[in-house]
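Note sheet for the following structure.
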Amino acid sequence: MANLTSNFIGIKSPNPFWLASAPPTDKAYNVERAYEAGWGGVVWKTLGSEGPPVVNVSGPRYGAIWGADRRLLGLNNIELITDRPLQINLDEIKAVKRKWRDRALVISLMVPCDEESWKDILHRIEDTEADGVELNFGCPHGMAERGMGSAVGQVPEYIEMVTRWVKKHSRMPCIVKLTPNINDIRKPAEAAYAGGADAVSLINTINSITSVNLDNFAPEPMIDGKGTHGGYCGPAVKPIALNMVAEIARNPATRDLPISGIGGVTTWRDAAEFLALGAGNVQVCTAAMTYGFKIVSEMISGLSDYLDDKGMELSDLVGRATPNVTDWQFLNLNYVTKAAINQDDCIKCGRCFAACEDTSHQAIAMSADRTFTVKDEECVACNLCVNVCPVQDCITMVEVPKGGLDQRTGRKVGEYANWTMHPNNPSVAAAE
């Protein structure tokens, strides 16, 4: 098997799969079960300073979005940071770390936005022997209303300020966890880097309401007839997370900033995609909450087999796809494809025809015996038919070679060679 040993900002673990700060990492019992199952590391559920107690709701804490087969696609979480006493958490962290020295253990922190509060809690955790700290600047509910979590993460100046405090008062590597509830993820990442962060992790949960109870007319989860916004996570947020990871990885101002990728990682392929876009490791939550801790064994074996098949080391995969992420105006206008239907695989369901005829470019013909064929002269290569077809690889996109005729436009492929994007309107192609 490929060597999956990870060294993320000096924090070593037997594999790059960590559990994210969340309900699964709330106590020693859970964390030890996770280590026994094979997880390379954990980020302990967020600790707060001693003071007014954190009180979680005693009613439902999760809302959900399901696929047609009842597969869980997303969770809405209204749970707050840990409600267990700080000293109990610190004692458990110390005991667990001493027992599992080969595993990564990072402590997530969230306290009021003043230097003394951060200095105090950092000094409190010093002797736990934890490997690092993660600053929770991401939670969008509950704590944000108190001036913490995403209330800090949405203000780059606060991110830089608090990160400097942490680096000033702690010897530990510092990871800054970023909120996705912001217009441009590059700005908070740049602020964390400027403040001396050793890495960033992202994404935290997305502010959301997943559903409304149409009998009680309140958001779910519902607490005594009322509901609130919460943090959305799970497979449904993966595309958003991948984009934000890539934006930081390809930004010249932060391309040297290590990234811990979070957001919908459920399989080894998900993890490999995050790594390929620049993440040095991944953190997982919803998949563990859905399938249990042992799901990590499939992630480990799958990623290892993939690397073996490719003849790659783990480090070879990190950032491999980043150079191929570009802006729209730099895409190749000379690249032309057309849809092609494999008649041997076609089950004649007609989804491609319905989708193209009603909502796209009327580029698929249907014969009397329900044989579906592509009309090249109408096909714009949008690949909607590929995505709605229930048979994998039944419809594929086939490249038209350079010099070949694009029947839709009447031009030979390659005639856009001297075209560029209009400098004032990237949606308009103009001749040089």
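Note on naming: chains are A, B, ... as they come in the structure tokens, residues start from 1 per chain, ligands start from 1 in the order shown.
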field: Selection near segment 184-199 of chain A, 9 Å with only C-alpha atoms, sequence-local residues under 3 positions removed, as number ranges by chain
entry: A: 8-9, 153-167, 173-181, 244-245, 247-248, 251, 253-254, 257-260
Export of the given selection (C-alpha atoms) as a short mmCIF file (atom, residue, chain, number, x, y, z; two decimals), in the first residue's frame:
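The resulting file, part-v9.cif, is shown below:
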```cif
data_model
loop_
_atom_site.label_atom_id
_atom_site.label_comp_id
_atom_site.auth_asym_id
_atom_site.auth_seq_id
_atom_site.Cartn_x
_atom_site.Cartn_y
_atom_site.Cartn_z
CA PHE A 8 0.90 18.87 7.93
CA ILE A 9 2.67 22.01 9.23
CA GLY A 153 -14.28 35.39 10.35
CA GLN A 154 -16.18 37.90 8.21
CA VAL A 155 -13.83 40.74 9.17
CA PRO A 156 -10.28 40.25 7.83
CA GLU A 157 -8.85 42.84 10.22
CA TYR A 158 -10.14 40.83 13.20
CA ILE A 159 -8.72 37.61 11.77
CA GLU A 160 -5.25 39.12 11.45
CA MET A 161 -5.44 40.70 14.90
CA VAL A 162 -6.50 37.56 16.76
CA THR A 163 -4.06 35.38 14.84
CA ARG A 164 -1.24 37.69 15.94
CA TRP A 165 -2.37 37.34 19.55
CA VAL A 166 -2.34 33.57 19.27
CA LYS A 167 1.11 33.46 17.73
CA PRO A 173 1.10 25.66 15.31
CA CYS A 174 -1.94 27.78 14.51
CA ILE A 175 -4.65 26.84 11.99
CA VAL A 176 -7.30 29.46 11.19
CA LYS A 177 -10.69 27.97 10.31
CA LEU A 178 -12.46 30.14 7.75
CA THR A 179 -16.15 30.83 7.23
CA PRO A 180 -17.67 30.39 3.75
CA ASN A 181 -20.26 33.05 4.60
CA MET A 244 -12.80 28.06 -2.05
CA VAL A 245 -9.82 25.77 -1.46
CA GLU A 247 -9.12 30.07 -4.83
CA ILE A 248 -6.72 30.19 -1.89
CA ASN A 251 -3.91 33.08 -5.17
CA ALA A 253 -0.70 36.05 -2.02
CA THR A 254 -1.50 32.74 -0.28
CA LEU A 257 -0.22 28.86 2.89
CA PRO A 258 -1.00 25.23 3.84
CA ILE A 259 -4.68 24.26 3.64
CA SER A 260 -6.73 21.69 5.53
#
```
* Contacts of Cys346 of chain A at 8 Å (only C-alpha atoms; same-chain gap of 5+ positions) as a PyMOL selection string -> chain A and resi 341+391+394
Between A:Leu47, A:Leu90, A:Ala241, A:Cys379, smallest distance to Arg408 of chain A by only C-alpha atoms belongs to A:Cys379
Just asking: which residues within segment 202-353 of chain A are strand (DSSP E) according to DSSP, as a compact mmCIF listing (two decimals) with C-alpha atoms, in the first residue's frame?
```txt
# COMPACT_ATOMS: atom_id res chain seq x y z
CA LEU A 202 -12.03 25.47 5.29
CA ILE A 206 -22.81 27.53 5.51
CA ASN A 207 -25.53 29.67 7.06
CA SER A 208 -28.83 28.01 6.20
CA SER A 211 -36.69 23.23 5.59
CA VAL A 212 -39.92 24.66 7.00
CA ASN A 213 -42.53 22.66 8.88
CA ALA A 218 -41.49 27.17 11.63
CA PRO A 219 -37.99 26.23 10.42
CA GLU A 220 -36.64 22.76 11.14
CA GLY A 230 -27.85 26.91 11.42
CA GLY A 231 -24.67 25.61 9.81
CA TYR A 232 -25.04 23.49 6.64
CA CYS A 233 -22.57 20.67 5.97
CA ILE A 259 -4.68 24.26 3.64
CA SER A 260 -6.73 21.69 5.53
CA GLY A 261 -9.71 20.87 3.31
CA ILE A 262 -13.18 20.47 4.80
CA ASN A 281 -4.96 17.02 4.42
CA VAL A 282 -8.72 16.73 4.89
CA GLN A 283 -11.13 16.93 7.79
CA VAL A 284 -14.36 14.94 7.94
CA THR A 337 -16.78 18.72 -28.62
CA LYS A 338 -20.05 17.05 -29.58
CA ALA A 339 -22.24 14.61 -27.70
CA ALA A 340 -22.25 10.98 -28.87
CA ILE A 341 -24.76 8.32 -27.79
```
Check the DSSP output for the backbone and give back, as a VMD selection string, the residues of segment 229-299 of chain A in alpha helix (DSSP H).
chain A and resid 238 to 249 268 to 276 286 to 291 295 to 299
Just the selected residues (N, CA and C atoms), exported as an mmCIF file, in the first residue's frame, please.
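Contents of result.cif, as written:
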```cif
data_model
loop_
_atom_site.group_PDB
_atom_site.id
_atom_site.type_symbol
_atom_site.label_atom_id
_atom_site.label_comp_id
_atom_site.auth_asym_id
_atom_site.auth_seq_id
_atom_site.Cartn_x
_atom_site.Cartn_y
_atom_site.Cartn_z
ATOM 1 N N LYS A 238 -19.776 20.209 -0.846
ATOM 2 C CA LYS A 238 -18.450 19.925 -1.399
ATOM 3 C C LYS A 238 -18.071 20.837 -2.572
ATOM 4 N N PRO A 239 -18.945 21.105 -3.555
ATOM 5 C CA PRO A 239 -18.534 21.973 -4.659
ATOM 6 C C PRO A 239 -18.135 23.378 -4.203
ATOM 7 N N ILE A 240 -18.817 23.892 -3.202
ATOM 8 C CA ILE A 240 -18.487 25.215 -2.671
ATOM 9 C C ILE A 240 -17.124 25.168 -1.995
ATOM 10 N N ALA A 241 -16.899 24.104 -1.229
ATOM 11 C CA ALA A 241 -15.624 23.960 -0.526
ATOM 12 C C ALA A 241 -14.462 23.800 -1.492
ATOM 13 N N LEU A 242 -14.630 22.984 -2.524
ATOM 14 C CA LEU A 242 -13.557 22.795 -3.500
ATOM 15 C C LEU A 242 -13.169 24.107 -4.164
ATOM 16 N N ASN A 243 -14.162 24.906 -4.527
ATOM 17 C CA ASN A 243 -13.878 26.180 -5.172
ATOM 18 C C ASN A 243 -13.089 27.100 -4.248
ATOM 19 N N MET A 244 -13.470 27.157 -2.982
ATOM 20 C CA MET A 244 -12.800 28.061 -2.049
ATOM 21 C C MET A 244 -11.375 27.596 -1.751
ATOM 22 N N VAL A 245 -11.178 26.290 -1.642
ATOM 23 C CA VAL A 245 -9.823 25.767 -1.465
ATOM 24 C C VAL A 245 -8.957 26.148 -2.666
ATOM 25 N N ALA A 246 -9.501 25.968 -3.867
ATOM 26 C CA ALA A 246 -8.745 26.285 -5.082
ATOM 27 C C ALA A 246 -8.424 27.771 -5.176
ATOM 28 N N GLU A 247 -9.359 28.628 -4.763
ATOM 29 C CA GLU A 247 -9.119 30.066 -4.833
ATOM 30 C C GLU A 247 -7.946 30.482 -3.955
ATOM 31 N N ILE A 248 -7.844 29.881 -2.781
ATOM 32 C CA ILE A 248 -6.720 30.192 -1.891
ATOM 33 C C ILE A 248 -5.425 29.598 -2.439
ATOM 34 N N ALA A 249 -5.503 28.365 -2.944
ATOM 35 C CA ALA A 249 -4.294 27.686 -3.419
ATOM 36 C C ALA A 249 -3.684 28.369 -4.633
ATOM 37 N N TRP A 268 -12.877 8.347 -0.582
ATOM 38 C CA TRP A 268 -11.475 8.641 -0.878
ATOM 39 C C TRP A 268 -11.352 9.566 -2.080
ATOM 40 N N ARG A 269 -12.292 9.442 -3.024
ATOM 41 C CA ARG A 269 -12.246 10.312 -4.204
ATOM 42 C C ARG A 269 -12.454 11.772 -3.807
ATOM 43 N N ASP A 270 -13.393 12.004 -2.902
ATOM 44 C CA ASP A 270 -13.600 13.367 -2.411
ATOM 45 C C ASP A 270 -12.305 13.912 -1.820
ATOM 46 N N ALA A 271 -11.668 13.109 -0.987
ATOM 47 C CA ALA A 271 -10.416 13.531 -0.367
ATOM 48 C C ALA A 271 -9.350 13.813 -1.422
ATOM 49 N N ALA A 272 -9.242 12.940 -2.410
ATOM 50 C CA ALA A 272 -8.237 13.120 -3.455
ATOM 51 C C ALA A 272 -8.473 14.411 -4.230
ATOM 52 N N GLU A 273 -9.722 14.783 -4.434
ATOM 53 C CA GLU A 273 -10.022 16.023 -5.146
ATOM 54 C C GLU A 273 -9.573 17.235 -4.342
ATOM 55 N N PHE A 274 -9.825 17.222 -3.036
ATOM 56 C CA PHE A 274 -9.361 18.317 -2.188
ATOM 57 C C PHE A 274 -7.835 18.408 -2.213
ATOM 58 N N LEU A 275 -7.174 17.261 -2.111
ATOM 59 C CA LEU A 275 -5.715 17.244 -2.126
ATOM 60 C C LEU A 275 -5.184 17.755 -3.458
ATOM 61 N N ALA A 276 -5.796 17.329 -4.545
ATOM 62 C CA ALA A 276 -5.340 17.746 -5.873
ATOM 63 C C ALA A 276 -5.480 19.249 -6.082
ATOM 64 N N THR A 286 -19.539 15.011 8.640
ATOM 65 C CA THR A 286 -20.865 14.449 8.347
ATOM 66 C C THR A 286 -20.795 12.984 7.950
ATOM 67 N N ALA A 287 -19.773 12.589 7.198
ATOM 68 C CA ALA A 287 -19.664 11.182 6.795
ATOM 69 C C ALA A 287 -19.529 10.275 8.008
ATOM 70 N N ALA A 288 -18.750 10.714 8.999
ATOM 71 C CA ALA A 288 -18.601 9.923 10.226
ATOM 72 C C ALA A 288 -19.915 9.878 10.996
ATOM 73 N N MET A 289 -20.642 10.997 11.008
ATOM 74 C CA MET A 289 -21.920 11.033 11.717
ATOM 75 C C MET A 289 -22.972 10.192 11.007
ATOM 76 N N THR A 290 -22.809 9.997 9.713
ATOM 77 C CA THR A 290 -23.779 9.215 8.941
ATOM 78 C C THR A 290 -23.475 7.725 8.978
ATOM 79 N N TYR A 291 -22.189 7.368 8.837
ATOM 80 C CA TYR A 291 -21.821 5.967 8.665
ATOM 81 C C TYR A 291 -20.972 5.395 9.798
ATOM 82 N N ILE A 295 -15.782 4.231 8.575
ATOM 83 C CA ILE A 295 -15.745 4.634 7.167
ATOM 84 C C ILE A 295 -14.341 5.045 6.758
ATOM 85 N N VAL A 296 -13.503 5.414 7.723
ATOM 86 C CA VAL A 296 -12.152 5.845 7.380
ATOM 87 C C VAL A 296 -11.335 4.723 6.752
ATOM 88 N N SER A 297 -11.654 3.474 7.065
ATOM 89 C CA SER A 297 -10.885 2.370 6.484
ATOM 90 C C SER A 297 -11.050 2.322 4.970
ATOM 91 N N GLU A 298 -12.255 2.637 4.471
ATOM 92 C CA GLU A 298 -12.478 2.692 3.032
ATOM 93 C C GLU A 298 -11.723 3.869 2.409
ATOM 94 N N MET A 299 -11.682 4.990 3.123
ATOM 95 C CA MET A 299 -10.946 6.147 2.621
ATOM 96 C C MET A 299 -9.457 5.836 2.523
#
```
